[in-house]
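Structure, as structure tokens:
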Amino acid sequence: MENLTILIIDDEKKIRELLKEYINLIFPNKKHEIILCNSVKTGIEAVENYLPDLVFLDIEMPEANGFELLKNVNTDSFEVVFTTAYAEYMEKSINEYGCFGYILKPFDGNKLKMIFDRFEQKKLDTKYFKFINGIKNKRMLINLDEILYCKANDNYTNIFLKDAEYLISKTLREIEGRLPDKNFIRVHRSYLINLLQVDYFDRSKNRLILKIEGDDFENEIPVSASFKENVDKLFL
């Protein structure tokens with residue numbers, strides 16, 4: 001499992017620290033980023049700033065309950081696991097909010113481990129790509145289907161969308177490792193392309209032609225000799 005950004009929201013400090021300790025025990029060799037919040041208000045700010053992968057959310061808190069947080073944030077970036085001492089919230093959590101998990105206090109380490117095992121499998125079907133914008137130094141979330149292609153830029157990578165371009169401080173190889181194999185393929189040492197955005201393969205020019213045209217990105221992506229055989233098989 002790759003390193004995750006995990007948000008723990010609970011008004012009790014000892015609960016926040018205990019849950020953090022459990023997570024570190026489950027993953028002794030991982031450096032997950034764990035953010036602790038003591039209220040719905042600070043939790044909303046943390047969701048917006050950190051774009052977490054997984055949120056452990058208490059329900060009963062003094063100023064507002066956990067359900068209020070979910071009404072006020074974009075939930076596309078994360079799954080939520082409710083952590084509460086009250087079993088009566090389970091039906092509402094599942095039927096109305098589609099929570100990923102529900103853990104009763106006091107915590108059970110084995111059940112927590114099961115949550116992470118299921119989450120690892122679910123991440124294989126993610127529809128979004130999270131990254132830090134190298135220019136704005138801000139965490140961002142984009143839909144995978146909207147990516148046209150990625151282009152190497154020394155130790156950085158430029159990601160091109162129809163109406164936007166982002167600079168990421170990771171190599172193209174690193175980006176390739178984070179994108180799903182079924183849609184994204186390497187076609188050149190400097191290019192990684194989204195097959196969903198390709199119209200056809202022009203074999204005479206060794207170029208992939210995108211479905212859309214624009215002035216702010218390349219409409220034809222070169223295919224190098226070392227990748228040509230693999231590309232050929234996809235466009236028989």
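Chain labels follow the order of the structure tokens: the first chain is A, the next B, and so on; residue numbering restarts at 1 in every chain, and ligands are counted from 1 in their shown order.
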
Q: Write out as an MDAnalysis selection string the residues lying within 12 Å of segment 178-180 of chain A, counting only C-alpha atoms and excluding same-chain residues fewer than 5 positions away.
A: chainID A and resid 1:3 123:131 143:145 147 149:150 170:173 185:186 192:195

Q: Mind checking which residues fall within 9 Å of segment 24-32 of chain A, counting only C-alpha atoms, ignoring those fewer than 4 positions away in the same chain, and posting them as a ChimeraX atom specification?
A: /A:1-6,19-20,109,112-113

Prev. selection, N, CA, C and O atoms, output as a compact mmCIF listing (two decimals), in the first residue's frame:
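Below you can see out20.txt, which holds the result:
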# COMPACT_ATOMS: atom_id res chain seq x y z
N MET A 1 0.84 -1.20 0.00
CA MET A 1 0.00 0.00 0.00
C MET A 1 0.87 1.25 0.00
O MET A 1 1.83 1.35 0.76
N GLU A 2 0.55 2.19 -0.90
CA GLU A 2 1.30 3.43 -0.93
C GLU A 2 0.94 4.29 0.28
O GLU A 2 -0.05 4.05 0.96
N ASN A 3 1.80 5.26 0.57
CA ASN A 3 1.52 6.13 1.71
C ASN A 3 0.22 6.88 1.51
O ASN A 3 -0.06 7.40 0.43
N LEU A 4 -0.57 6.95 2.58
CA LEU A 4 -1.88 7.58 2.51
C LEU A 4 -1.92 8.87 3.31
O LEU A 4 -1.09 9.09 4.20
N THR A 5 -2.87 9.72 2.99
CA THR A 5 -3.18 10.88 3.82
C THR A 5 -4.46 10.54 4.58
O THR A 5 -5.51 10.32 3.97
N ILE A 6 -4.34 10.45 5.89
CA ILE A 6 -5.43 10.00 6.74
C ILE A 6 -5.84 11.12 7.69
O ILE A 6 -4.99 11.75 8.32
N LEU A 19 -6.21 6.14 18.02
CA LEU A 19 -6.43 5.69 16.65
C LEU A 19 -5.17 5.87 15.81
O LEU A 19 -4.80 5.00 15.00
N LYS A 20 -4.48 6.97 16.02
CA LYS A 20 -3.22 7.19 15.32
C LYS A 20 -2.21 6.11 15.69
O LYS A 20 -1.49 5.58 14.81
N GLY A 109 -8.40 -3.61 16.93
CA GLY A 109 -7.32 -3.52 15.96
C GLY A 109 -7.51 -4.39 14.74
O GLY A 109 -7.15 -4.01 13.62
N LEU A 112 -9.96 -2.76 12.39
CA LEU A 112 -9.31 -1.63 11.74
C LEU A 112 -8.42 -2.10 10.60
O LEU A 112 -8.40 -1.51 9.51
N LYS A 113 -7.70 -3.20 10.82
CA LYS A 113 -6.85 -3.77 9.77
C LYS A 113 -7.71 -4.20 8.58
O LYS A 113 -7.32 -4.01 7.41

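Residues in contact with His188 of chain A at 8 Å, where only C-alpha atoms are counted and same-chain residues fewer than 5 positions away are skipped, are listed as A:Pro222, A:Val223, A:Ser224, A:Ser226, A:Phe227.
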
Q.
If we count only C-alpha atoms and set the cut-off at 10 Å, which residues sit around Ile15 of chain A, ignoring sequence neighbours fewer than 4 positions away in its own chain? Please answer as a PyMOL selection string.
A. chain A and resi 8-11+19-21+58+83+105-107

Q) Which residues, written as a PyMOL selection string, have at least one atom at most 9 Å from Cys99 of chain A, with only C-alpha atoms counted and residues fewer than 4 positions away on the same chain left out? A) chain A and resi 79-82+93-95
